[in-house]
Amino acid sequence: MMRDVILDVNGFKVDSKILPKRIYKFSFIPNAEKITERYREIDKLNAVPLSPVEEIIVDVVSWEKPSVSDSRVRKVEEATLDDLSDYGQERLVRKFLECLGLTNLLRRNFPLQIKRSEEYIQVPDIKKRTIKKIGKEFYLFADIGYYVKPMKNIYELIEEGRISVKSLIGKEIIFDPFREMYKNGKTIKVVDVDENPSREDIQFVLEYCRLNYGIEKLPLQFPILKVKFAENKKFYLYHPCLCYLKVDVPSYECVISNNERKRILEDTVSSIAFLEKRAISLAGVEYKSPAYLVRTKEGQKRVVNSLRETIKHPPFFVPEFLIEQEKIPIFVLVDKKLPKNYVNKFILSQLENGHLRLKRGNFEIFKTIRPANRRYIVFDVDFNDFSIPEEIREKINGYKLSFALCLFSEMSEEKYDYLKMKLFSNNIVSQFVDFNKWNSGQSHFISRVLAFNIYTKLGIRPFSLAKKFEYDVIIGIDIGNDSFNRRSKAGGVTVFLSDGTIKSLYPVSVEAGGEKIEYLDRFLEIVAEKLDLYDSRILFLRDGRGFREEADCLSYSYAVKNRRLEVELVNVKKGHSMRILSDKGSKGVVIRDDLALLLPHSTKGARSLLIDSFFRIRYGEVDRLPITEKLLETLFRLTKLNFSTIYAEQRALRLPAPLHYSDLYVKALKRNWPVNQYLLEMGALYFI
């Protein structure tokens, strides 16, 4: 299922001759109490911390010998880079290169041009820079991205009548007083607006801007924005001249192909003396698409090799609650602004493609939709002032779940979230289709994705994978950040079985500091109890950074010790600086035992997933395992069960299914979606 290939990766070798031969480790006692200020104190010494900066005494390291007269410095000792862990070496080398002007050198040589429109500018930049040690050498991994900056500030938009003052309440904005080209300001949330501020408040804001930002001239009559930062719950007052509305730019406008990315990066480093000019090449593998398992009309299992073939067959799995209710009330809600002939065109197209019909024995998934009886199922509605028609309320009475296909032309994200939540509060799962996109040459693509999206939301599985996984259960977990403080909440636990079918999804909300999930054992115990697991092998997928403490936490678990569970914990990162520089094929590369990249699918500019921690927990013991191509193949196969992006090859990312659904569920929780525990445990992913 895989073949050997040579892969270019966006790493550039650092000339080892420039690196410090001697370093200094010492203890440091910061004067500041705030974490950010403590980091600044350490930074001024050209040092990096080796222990948490929250501690009273912090272990740090630098290539510069600290002053013996500095009362904050203790226990200075000489060392070499090899005396540090790989992680410590990487941090210090990065700091050293930054002091040599790495960032400025990269930006000075950067060849891309700024893109401008009437609404915003797109500023290209080397956004992420990471140092990784491979063997005995250090490599700079750099990536390209865009900063999107609005052309006009909020005060100008208000003056021109393009937005109202009250419309800002609840919106996220950017506070960016200096308008630096290669840096975004702070993201803040408006919680209230004072259109007629007192003279004292105005003077306070003006004086604050003058003292902190050197800004002397600002309009004297202005609304004050009352905002909250993500870090705490305090209110702050801001001048709208220094704030900008966040701009959502379609991702495809910022996509750079990986082949082009390689050329740009090599051009950028070409004149930097301490970097090798060519991207590193490594031995990797290319994965072939797996075979799929479907059910025939006679109920037999059959192997097919094409996704398009799977949709021609009855569903592989239908949840029990749907079988019990035998039929699904289905409705089409059409924005009354759309012409009637559009509706006919859309429904006829779905019928011709067969995307709205699936049967399994006597169980009818969808009633056949025909234009002749359209009046019975299609409702013209005003999505701007929406209420569920009484006829729909009558028809859904007594059903655990019903379904609405919603056609619209324009809709804000806030309106979309509101409508979906309102429908689901009445147990109506919804699928929204932007008719303009469907009618603009993307109809065939949208229609195919539409079918898989609908089935997934209802808990229907159109297929499984022909080859079973080596694990009895695969669990995915994601955590979401609270909008108003720095605490994190673990949100979604998605459970797949060895045959690739989703079993359940459980909402779990536990306070956890930062990214670390401090109670990972609880989630395992919930799943083990609900599924009655004993002597089972479990793959636990963790979205984001992995922590050794989380593996230790699992080792203490009652489920591991008393149910004799063997757990393998692996992390999958989306946001990082490392890429496989290819636009063709699904590929993976093990860079070193504890570091690997996976490119899940062939997409222009697709990001690679990074895996850098892999632990096995059994008998209460924790072992760190080397990452292998076999593990990457398992993760790749799991991306093929990600039904909601199954045909979305134009998208730049595809996650393994257990993580993808947990990620979407956490986002729904953050939007205050209601939780229907029964439907979740039955596998209905209604929140997509």
# chains A, B, ... in the order shown; residues from 1 in each chain; ligands from 1

call {"tool": "closest_atom_pairs", "arguments": {"of": "segment 523-618 of chain A", "to": "segment 76-97 of chain A", "cutoff": "12 Å", "atoms": "only C-alpha atoms", "output": "tab-separated table"}}
result
residue	atom	partner	partner_atom	distance
A:Arg592	CA	A:Asp86	CA	11.7
A:Asp594	CA	A:Asp86	CA	10.9
A:Leu595	CA	A:Asp86	CA	11.9
A:Asp612	CA	A:Tyr87	CA	11.8

call {"tool": "write_last_selection", "arguments": {"atoms": "C-alpha atoms", "output": "mmCIF file, in the first residue's frame"}}
result
data_model
loop_
_atom_site.group_PDB
_atom_site.id
_atom_site.type_symbol
_atom_site.label_atom_id
_atom_site.label_comp_id
_atom_site.auth_asym_id
_atom_site.auth_seq_id
_atom_site.Cartn_x
_atom_site.Cartn_y
_atom_site.Cartn_z
ATOM 1 C CA ARG A 592 13.998 11.108 13.108
ATOM 2 C CA ASP A 594 10.464 11.249 17.349
ATOM 3 C CA LEU A 595 9.568 13.475 14.386
ATOM 4 C CA ASP A 612 6.308 14.372 17.302
#

call {"tool": "select_by_dssp", "arguments": {"residues": "segment 31-216 of chain A", "states": "alpha helix (DSSP H)", "output": "ChimeraX atom specification"}}
result
/A:35-44,86-99,102-109,154-159,199-213

call {"tool": "closest_residue", "arguments": {"among": "A:Ile688, A:Val429, A:Leu140, A:Val249", "to": "Ser117 of chain A", "atoms": "only C-alpha atoms"}}
result
A:Val249

call {"tool": "closest_residue", "arguments": {"among": "A:Arg295, A:Arg210, A:Lys337, A:His576", "to": "Gly544 of chain A", "atoms": "only C-alpha atoms"}}
result
A:His576

call {"tool": "residues_around", "arguments": {"residues": "Phe178 of chain A", "least_positions_apart": "4", "cutoff": "12 Å", "atoms": "only C-alpha atoms", "output": "list in words"}}
result
Ile174, Tyr182, Lys183, Asn184, Gly185, Lys186, Cys209, Asn212, Tyr213, Gly214, Ile215, Cys241, Leu242, Cys243 and Tyr244 of chain A

call {"tool": "residues_around", "arguments": {"residues": "Ser51 of chain A", "least_positions_apart": "5", "cutoff": "10 Å", "atoms": "only C-alpha atoms", "output": "PDB file with N, CA, C and O atoms, in the first residue's frame"}}
result
ATOM      1  N   SER A  27      21.380  29.536  36.959  1.00  0.00           N
ATOM      2  CA  SER A  27      20.072  29.755  37.568  1.00  0.00           C
ATOM      3  C   SER A  27      19.776  31.247  37.551  1.00  0.00           C
ATOM      4  O   SER A  27      20.687  32.073  37.699  1.00  0.00           O
ATOM      5  N   ILE A  57      13.044  30.118  40.832  1.00  0.00           N
ATOM      6  CA  ILE A  57      14.369  30.045  40.212  1.00  0.00           C
ATOM      7  C   ILE A  57      14.231  29.310  38.886  1.00  0.00           C
ATOM      8  O   ILE A  57      13.727  28.185  38.835  1.00  0.00           O
ATOM      9  N   VAL A  58      14.685  29.948  37.816  1.00  0.00           N
ATOM     10  CA  VAL A  58      14.544  29.393  36.467  1.00  0.00           C
ATOM     11  C   VAL A  58      15.919  28.969  35.959  1.00  0.00           C
ATOM     12  O   VAL A  58      16.884  29.747  36.025  1.00  0.00           O
ATOM     13  N   ASP A  59      16.015  27.737  35.444  1.00  0.00           N
ATOM     14  CA  ASP A  59      17.253  27.288  34.799  1.00  0.00           C
ATOM     15  C   ASP A  59      17.277  27.836  33.376  1.00  0.00           C
ATOM     16  O   ASP A  59      16.322  27.647  32.615  1.00  0.00           O
ATOM     17  N   VAL A  60      18.365  28.531  33.027  1.00  0.00           N
ATOM     18  CA  VAL A  60      18.472  29.128  31.695  1.00  0.00           C
ATOM     19  C   VAL A  60      19.831  28.797  31.102  1.00  0.00           C
ATOM     20  O   VAL A  60      20.743  28.314  31.793  1.00  0.00           O
TER      21      VAL A  60
END

call {"tool": "residues_around", "arguments": {"residues": "segment 334-336 of chain A", "least_positions_apart": "6", "cutoff": "6 Å", "atoms": "only C-alpha atoms", "output": "MDAnalysis selection string"}}
result
chainID A and resid 380:382 406:408

call {"tool": "write_last_selection", "arguments": {"atoms": "N, CA, C and O atoms", "output": "PDB file, in the first residue's frame"}}
result
ATOM      1  N   ASP A 380     -40.758  28.081   1.035  1.00  0.00           N
ATOM      2  CA  ASP A 380     -40.086  29.366   0.847  1.00  0.00           C
ATOM      3  C   ASP A 380     -40.013  30.073   2.194  1.00  0.00           C
ATOM      4  O   ASP A 380     -41.042  30.270   2.858  1.00  0.00           O
ATOM      5  N   VAL A 381     -38.805  30.446   2.595  1.00  0.00           N
ATOM      6  CA  VAL A 381     -38.629  31.069   3.913  1.00  0.00           C
ATOM      7  C   VAL A 381     -37.753  32.312   3.777  1.00  0.00           C
ATOM      8  O   VAL A 381     -37.050  32.494   2.787  1.00  0.00           O
ATOM      9  N   ASP A 382     -37.832  33.140   4.777  1.00  0.00           N
ATOM     10  CA  ASP A 382     -36.972  34.309   4.868  1.00  0.00           C
ATOM     11  C   ASP A 382     -35.908  34.008   5.915  1.00  0.00           C
ATOM     12  O   ASP A 382     -36.180  34.014   7.110  1.00  0.00           O
ATOM     13  N   CYS A 406     -31.167  23.251   3.087  1.00  0.00           N
ATOM     14  CA  CYS A 406     -31.413  24.692   3.034  1.00  0.00           C
ATOM     15  C   CYS A 406     -30.631  25.323   1.888  1.00  0.00           C
ATOM     16  O   CYS A 406     -29.394  25.243   1.846  1.00  0.00           O
ATOM     17  N   LEU A 407     -31.346  25.951   0.954  1.00  0.00           N
ATOM     18  CA  LEU A 407     -30.728  26.645  -0.175  1.00  0.00           C
ATOM     19  C   LEU A 407     -30.734  28.146   0.080  1.00  0.00           C
ATOM     20  O   LEU A 407     -31.776  28.715   0.417  1.00  0.00           O
ATOM     21  N   PHE A 408     -29.575  28.772  -0.079  1.00  0.00           N
ATOM     22  CA  PHE A 408     -29.496  30.217   0.153  1.00  0.00           C
ATOM     23  C   PHE A 408     -28.548  30.833  -0.864  1.00  0.00           C
ATOM     24  O   PHE A 408     -27.850  30.137  -1.606  1.00  0.00           O
TER      25      PHE A 408
END

call {"tool": "closest_residue", "arguments": {"among": "A:Arg107, A:Leu539, A:Met181, A:Arg607", "to": "Gln122 of chain A", "atoms": "only C-alpha atoms"}}
result
A:Met181

call {"tool": "residues_around", "arguments": {"residues": "Ser586 of chain A", "least_positions_apart": "5", "cutoff": "6 Å", "atoms": "only C-alpha atoms", "output": "ChimeraX atom specification"}}
result
/A:286-287,599-602

call {"tool": "write_last_selection", "arguments": {"atoms": "N, CA, C and O atoms", "output": "compact mmCIF listing (two decimals), in the first residue's frame"}}
result
# COMPACT_ATOMS: atom_id res chain seq x y z
N GLU A 286 5.14 6.93 -0.34
CA GLU A 286 3.88 7.42 -0.90
C GLU A 286 2.81 6.37 -0.66
O GLU A 286 3.01 5.18 -0.94
N TYR A 287 1.68 6.82 -0.12
CA TYR A 287 0.60 5.90 0.23
C TYR A 287 -0.44 5.87 -0.87
O TYR A 287 -0.82 6.90 -1.42
N LEU A 599 1.65 14.07 4.61
CA LEU A 599 0.87 14.88 3.68
C LEU A 599 -0.35 14.04 3.29
O LEU A 599 -0.23 13.08 2.53
N PRO A 600 -1.53 14.37 3.80
CA PRO A 600 -2.67 13.45 3.67
C PRO A 600 -3.24 13.32 2.27
O PRO A 600 -3.78 12.28 1.93
N HIS A 601 -3.16 14.37 1.44
CA HIS A 601 -3.76 14.22 0.11
C HIS A 601 -3.14 15.18 -0.89
O HIS A 601 -2.42 16.11 -0.54
N SER A 602 -3.42 14.92 -2.16
CA SER A 602 -2.85 15.70 -3.26
C SER A 602 -3.66 16.97 -3.45
O SER A 602 -4.71 16.95 -4.09

call {"tool": "closest_residue", "arguments": {"among": "A:Asp434, A:Asp4, A:Glu98, A:Glu566", "to": "Tyr534 of chain A", "atoms": "only C-alpha atoms"}}
result
A:Glu566

call {"tool": "closest_atom_pairs", "arguments": {"of": "segment 252-318 of chain A", "to": "segment 142-149 of chain A", "cutoff": "8 Å", "atoms": "only C-alpha atoms", "output": "CSV"}}
result
residue,atom,partner,partner_atom,distance
A:Cys254,CA,A:Tyr146,CA,6.8
A:Arg261,CA,A:Ile144,CA,7.4
A:Leu265,CA,A:Ala142,CA,7.8

call {"tool": "closest_residue", "arguments": {"among": "A:Gln203, A:Asn642, A:Asn10, A:Ser387", "to": "Ser281 of chain A", "atoms": "only C-alpha atoms"}}
result
A:Asn10
